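A quick write-up on the structure given underneath.
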Amino acid sequence: MLRSEYRPVKIMLLGMSFALATTLAGPTRAFDINAGVTKESGPFDLFKFGFKAYKNGQKEEAVEAYKYAAEKGHTGSRWALANMYAYGDGVAQDDFAAFKIYSDIASQGVEPGSEDTGFFVNALLALANYYKRGIPGSPVKTDLSQARQLYFQVASTFGVAEAQFQLAQMMLAGEGGAANVQQAKKWLNQARKGGHPGAMAVFGNILFQEGQTTRGLAFMTAALDKCNPKDCGWMESLQEQAFSIANENDRRGAVALARDINLSSSD
């Protein structure tokens, strides 16, 4: 099954910006009383300190600050800490530790319009990814049904293209539930309108297989202009296979249509 790699930190936060780097003045100092921030400081001050320390490469100080802020219930600090565990960024990689923090964020829920919405969505996606593959050596086993439900929640409630793409992939493969090509096409179409290159490529391949040769090949071709390097390989393989089968008129038409598709995100 074709898929794009998902990592929590790559998801764009909804309704919250990390423009903190421009709001914090002066050099970052060690995490002690002389820095003006201690473990007794407020959670947001600890979060700001941790963020600035992280940006300056002082990841041990960032982890310490995030931990204190997380203990005081600061969602952004929990999210940042979970990502660091997921990547082994400044700490030893520990997917189960990350999983537990994401679970805490998800269990809190989120109020409509909350500034924590992005963290909540990111946590749900991270949990879906963990359930999809499991975490070796931990209590977290592969649970495709749970992964599919979480992707559906994020896809339908928050309209996140990555969730729509992952949900469609599971529907095409019959993972975590019945296979449903028509529903998968719906989610792929939404995701590709949201700018997801992988969804555009898979959507085009389905159209091509259904006999919409020019249009399908056009979407696969357009996806190659938008893909991340790590994903371009499988998309290029799809496109090249289809290109080799299509006749010259379909190829020419697809190339022209691909230019139009890339000029309009709502095509």
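Residues are referred to by chain and number: the chain letter is A, B, ... according to the order shown in the structure tokens, the number counts from 1 in that chain, and ligands are numbered separately from 1 in the order shown.
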Please provide the set of residues having any atom within 9 Å of stretch 257-263 of chain A, restricted to only C-alpha atoms, with same-chain residues fewer than 3 positions apart removed, written as a compact mmCIF listing (two decimals) with all heavy atoms, in the first residue's frame.
# COMPACT_ATOMS: atom_id res chain seq x y z
N THR A 214 -6.58 10.49 -19.51
CA THR A 214 -5.94 11.81 -19.54
C THR A 214 -6.00 12.50 -18.19
O THR A 214 -5.00 13.02 -17.68
CB THR A 214 -6.59 12.71 -20.61
OG1 THR A 214 -6.48 12.07 -21.90
CG2 THR A 214 -5.92 14.07 -20.66
N ARG A 215 -7.18 12.50 -17.58
CA ARG A 215 -7.36 13.19 -16.30
C ARG A 215 -6.54 12.51 -15.20
O ARG A 215 -5.90 13.17 -14.39
CB ARG A 215 -8.84 13.24 -15.93
CG ARG A 215 -9.16 14.12 -14.74
CD ARG A 215 -10.63 14.46 -14.69
NE ARG A 215 -10.93 15.31 -13.56
CZ ARG A 215 -11.56 14.91 -12.47
NH1 ARG A 215 -12.00 13.65 -12.38
NH2 ARG A 215 -11.81 15.75 -11.48
N LEU A 217 -3.84 10.62 -15.51
CA LEU A 217 -2.42 10.84 -15.73
C LEU A 217 -2.03 12.28 -15.40
O LEU A 217 -0.93 12.54 -14.90
CB LEU A 217 -2.07 10.53 -17.19
CG LEU A 217 -0.59 10.62 -17.59
CD1 LEU A 217 0.28 9.73 -16.71
CD2 LEU A 217 -0.43 10.24 -19.06
N ALA A 218 -2.94 13.21 -15.64
CA ALA A 218 -2.66 14.62 -15.32
C ALA A 218 -2.46 14.82 -13.82
O ALA A 218 -1.55 15.52 -13.39
CB ALA A 218 -3.81 15.50 -15.82
N PHE A 219 -3.31 14.19 -13.00
CA PHE A 219 -3.16 14.33 -11.55
C PHE A 219 -1.85 13.69 -11.08
O PHE A 219 -1.16 14.24 -10.21
CB PHE A 219 -4.34 13.70 -10.83
CG PHE A 219 -5.56 14.57 -10.78
CD1 PHE A 219 -6.76 14.17 -11.34
CD2 PHE A 219 -5.52 15.81 -10.16
CE1 PHE A 219 -7.89 14.96 -11.29
CE2 PHE A 219 -6.64 16.62 -10.11
CZ PHE A 219 -7.83 16.20 -10.68
N MET A 220 -1.51 12.54 -11.63
CA MET A 220 -0.25 11.91 -11.24
C MET A 220 0.94 12.77 -11.64
O MET A 220 1.93 12.87 -10.91
CB MET A 220 -0.15 10.51 -11.87
CG MET A 220 -1.03 9.48 -11.21
SD MET A 220 -0.78 7.81 -11.88
CE MET A 220 -1.89 7.85 -13.29
N THR A 221 0.86 13.41 -12.80
CA THR A 221 1.93 14.28 -13.26
C THR A 221 2.03 15.54 -12.41
O THR A 221 3.12 15.98 -12.03
CB THR A 221 1.71 14.66 -14.73
OG1 THR A 221 1.63 13.46 -15.52
CG2 THR A 221 2.83 15.54 -15.25
N ALA A 222 0.87 16.11 -12.08
CA ALA A 222 0.86 17.32 -11.25
C ALA A 222 1.42 17.06 -9.86
O ALA A 222 2.08 17.92 -9.27
CB ALA A 222 -0.57 17.86 -11.14
N ALA A 223 1.19 15.86 -9.35
CA ALA A 223 1.68 15.52 -8.01
C ALA A 223 3.20 15.57 -7.94
O ALA A 223 3.77 15.90 -6.89
CB ALA A 223 1.18 14.14 -7.60
N ASP A 225 5.18 17.65 -9.16
CA ASP A 225 5.67 19.02 -8.98
C ASP A 225 5.49 19.50 -7.55
O ASP A 225 6.00 20.57 -7.20
CB ASP A 225 4.94 19.98 -9.93
CG ASP A 225 5.33 19.77 -11.38
OD1 ASP A 225 6.47 19.32 -11.61
OD2 ASP A 225 4.49 20.04 -12.26
N LYS A 226 4.77 18.72 -6.73
CA LYS A 226 4.47 19.15 -5.37
C LYS A 226 5.02 18.22 -4.30
O LYS A 226 5.00 18.56 -3.11
CB LYS A 226 2.94 19.26 -5.19
CG LYS A 226 2.26 20.28 -6.07
CD LYS A 226 0.74 20.24 -5.85
CE LYS A 226 0.04 21.31 -6.70
NZ LYS A 226 0.37 22.68 -6.26
N ARG A 252 -0.01 14.10 -24.13
CA ARG A 252 0.02 15.54 -24.38
C ARG A 252 -1.09 16.26 -23.60
O ARG A 252 -0.87 17.32 -23.01
CB ARG A 252 -0.11 15.83 -25.87
CG ARG A 252 1.10 15.39 -26.69
CD ARG A 252 0.88 15.69 -28.18
NE ARG A 252 2.00 15.24 -28.99
CZ ARG A 252 3.11 15.94 -29.20
NH1 ARG A 252 3.22 17.15 -28.64
NH2 ARG A 252 4.08 15.46 -29.94
N GLY A 253 -2.26 15.66 -23.63
CA GLY A 253 -3.38 16.26 -22.91
C GLY A 253 -3.14 16.29 -21.41
O GLY A 253 -3.48 17.27 -20.73
N ALA A 254 -2.53 15.23 -20.89
CA ALA A 254 -2.27 15.15 -19.46
C ALA A 254 -1.25 16.20 -19.01
O ALA A 254 -1.41 16.83 -17.96
CB ALA A 254 -1.77 13.75 -19.09
N SER A 266 -8.20 24.43 -6.42
CA SER A 266 -9.60 24.01 -6.31
C SER A 266 -10.11 23.30 -7.53
O SER A 266 -11.31 23.12 -7.71
CB SER A 266 -10.49 25.24 -6.03
OG SER A 266 -10.41 26.18 -7.10
N ASP A 267 -9.20 22.89 -8.42
CA ASP A 267 -9.62 22.21 -9.66
C ASP A 267 -10.39 20.93 -9.36
O ASP A 267 -10.01 20.20 -8.47
CB ASP A 267 -8.39 21.88 -10.51
CG ASP A 267 -8.79 21.14 -11.76
OD1 ASP A 267 -9.51 21.71 -12.59
OD2 ASP A 267 -8.38 19.97 -11.89
task: Output as JSON, numbers by chain all residues of stretch 108-261 of chain A that backbone DSSP marks as helix (DSSP H, G or I).
output: {"A": [108, 117, 118, 119, 120, 121, 122, 123, 124, 125, 126, 127, 128, 129, 130, 131, 132, 133, 144, 145, 146, 147, 148, 149, 150, 151, 152, 153, 154, 155, 156, 157, 158, 161, 162, 163, 164, 165, 166, 167, 168, 169, 170, 171, 172, 173, 181, 182, 183, 184, 185, 186, 187, 188, 189, 190, 191, 192, 193, 197, 198, 199, 200, 201, 202, 203, 204, 205, 206, 207, 208, 209, 213, 214, 215, 216, 217, 218, 219, 220, 221, 222, 223, 224, 229, 230, 231, 232, 233, 234, 235, 236, 237, 238, 239, 240, 241, 242, 243, 244, 245, 248, 249, 250, 251, 252, 253, 254, 255, 256, 257, 258, 259, 260, 261]}
message: Using only C-alpha atoms for the distances, tell me which of A:Gly204, A:Gln164, A:Phe120, A:Ala178 is nearest to A:Ser145.
response: A:Ala178
query: By how many Å are atom CA of A:Val255 and atom CA of A:Phe165 apart?
result: 24.0 Å
Compile a residue-level contact table for stretch 112-185 of chain A against stretch 72-91 of chain A at a cut-off of 9 Å, reporting for every qualifying residue the shortest atom pair and its distance in Å to one decimal, with only C-alpha atoms counted, rows ordered by chain and ascending number, as JSON lines.
{"residue": "A:Asp116", "atom": "CA", "partner": "A:Thr75", "partner_atom": "CA", "distance": 6.8}
{"residue": "A:Phe119", "atom": "CA", "partner": "A:Trp79", "partner_atom": "CA", "distance": 6.2}
{"residue": "A:Phe120", "atom": "CA", "partner": "A:Thr75", "partner_atom": "CA", "distance": 8.5}
{"residue": "A:Asn122", "atom": "CA", "partner": "A:Trp79", "partner_atom": "CA", "distance": 8.3}
{"residue": "A:Ala123", "atom": "CA", "partner": "A:Trp79", "partner_atom": "CA", "distance": 7.5}
task: Would you mind listing what lies within 8 Å of A:Phe49 as JSON, numbers by chain, with only C-alpha atoms counted and same-chain residues fewer than 3 positions away left out?
output: {"A": [28, 37, 45, 46, 52, 53, 62, 65]}
N, CA and C atoms of the current selection, written as a compact mmCIF listing (two decimals), in the first residue's frame:
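Output saved as again.txt:
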# COMPACT_ATOMS: atom_id res chain seq x y z
N THR A 28 19.38 33.23 25.69
CA THR A 28 18.88 32.22 26.60
C THR A 28 19.98 31.84 27.58
N VAL A 37 13.52 32.35 35.33
CA VAL A 37 12.50 31.31 35.22
C VAL A 37 12.94 30.13 36.08
N ASP A 45 5.27 30.88 31.02
CA ASP A 45 6.64 31.37 31.08
C ASP A 45 7.64 30.23 30.88
N LEU A 46 7.34 29.09 31.47
CA LEU A 46 8.20 27.92 31.30
C LEU A 46 8.19 27.46 29.85
N LYS A 52 12.43 28.92 23.49
CA LYS A 52 13.62 29.70 23.13
C LYS A 52 14.88 28.85 23.33
N ALA A 53 14.93 28.11 24.41
CA ALA A 53 16.09 27.25 24.65
C ALA A 53 16.23 26.22 23.52
N ALA A 62 15.46 22.92 27.50
CA ALA A 62 14.11 22.90 26.93
C ALA A 62 13.29 21.77 27.53
N ALA A 65 12.31 22.58 31.14
CA ALA A 65 11.25 23.59 31.20
C ALA A 65 9.91 23.01 30.75
- request: Write out as a ChimeraX atom specification each polymer residue whose atoms come within 10 Å of A:Gln183, counting only C-alpha atoms; drop sequence neighbours fewer than 4 positions from it.
  value: /A:167-168,171-172,179,187-189
message: as a list in words, please: the residues near A:Leu124 (cut-off 9 Å, only C-alpha atoms, same-chain neighbours under 4 positions excluded).
response: Tyr102, Ser103, Ile105, Ala106, Phe119, Phe120, Ala128, Asn129, Leu150, Tyr151, Gln153 and Val154 of chain A
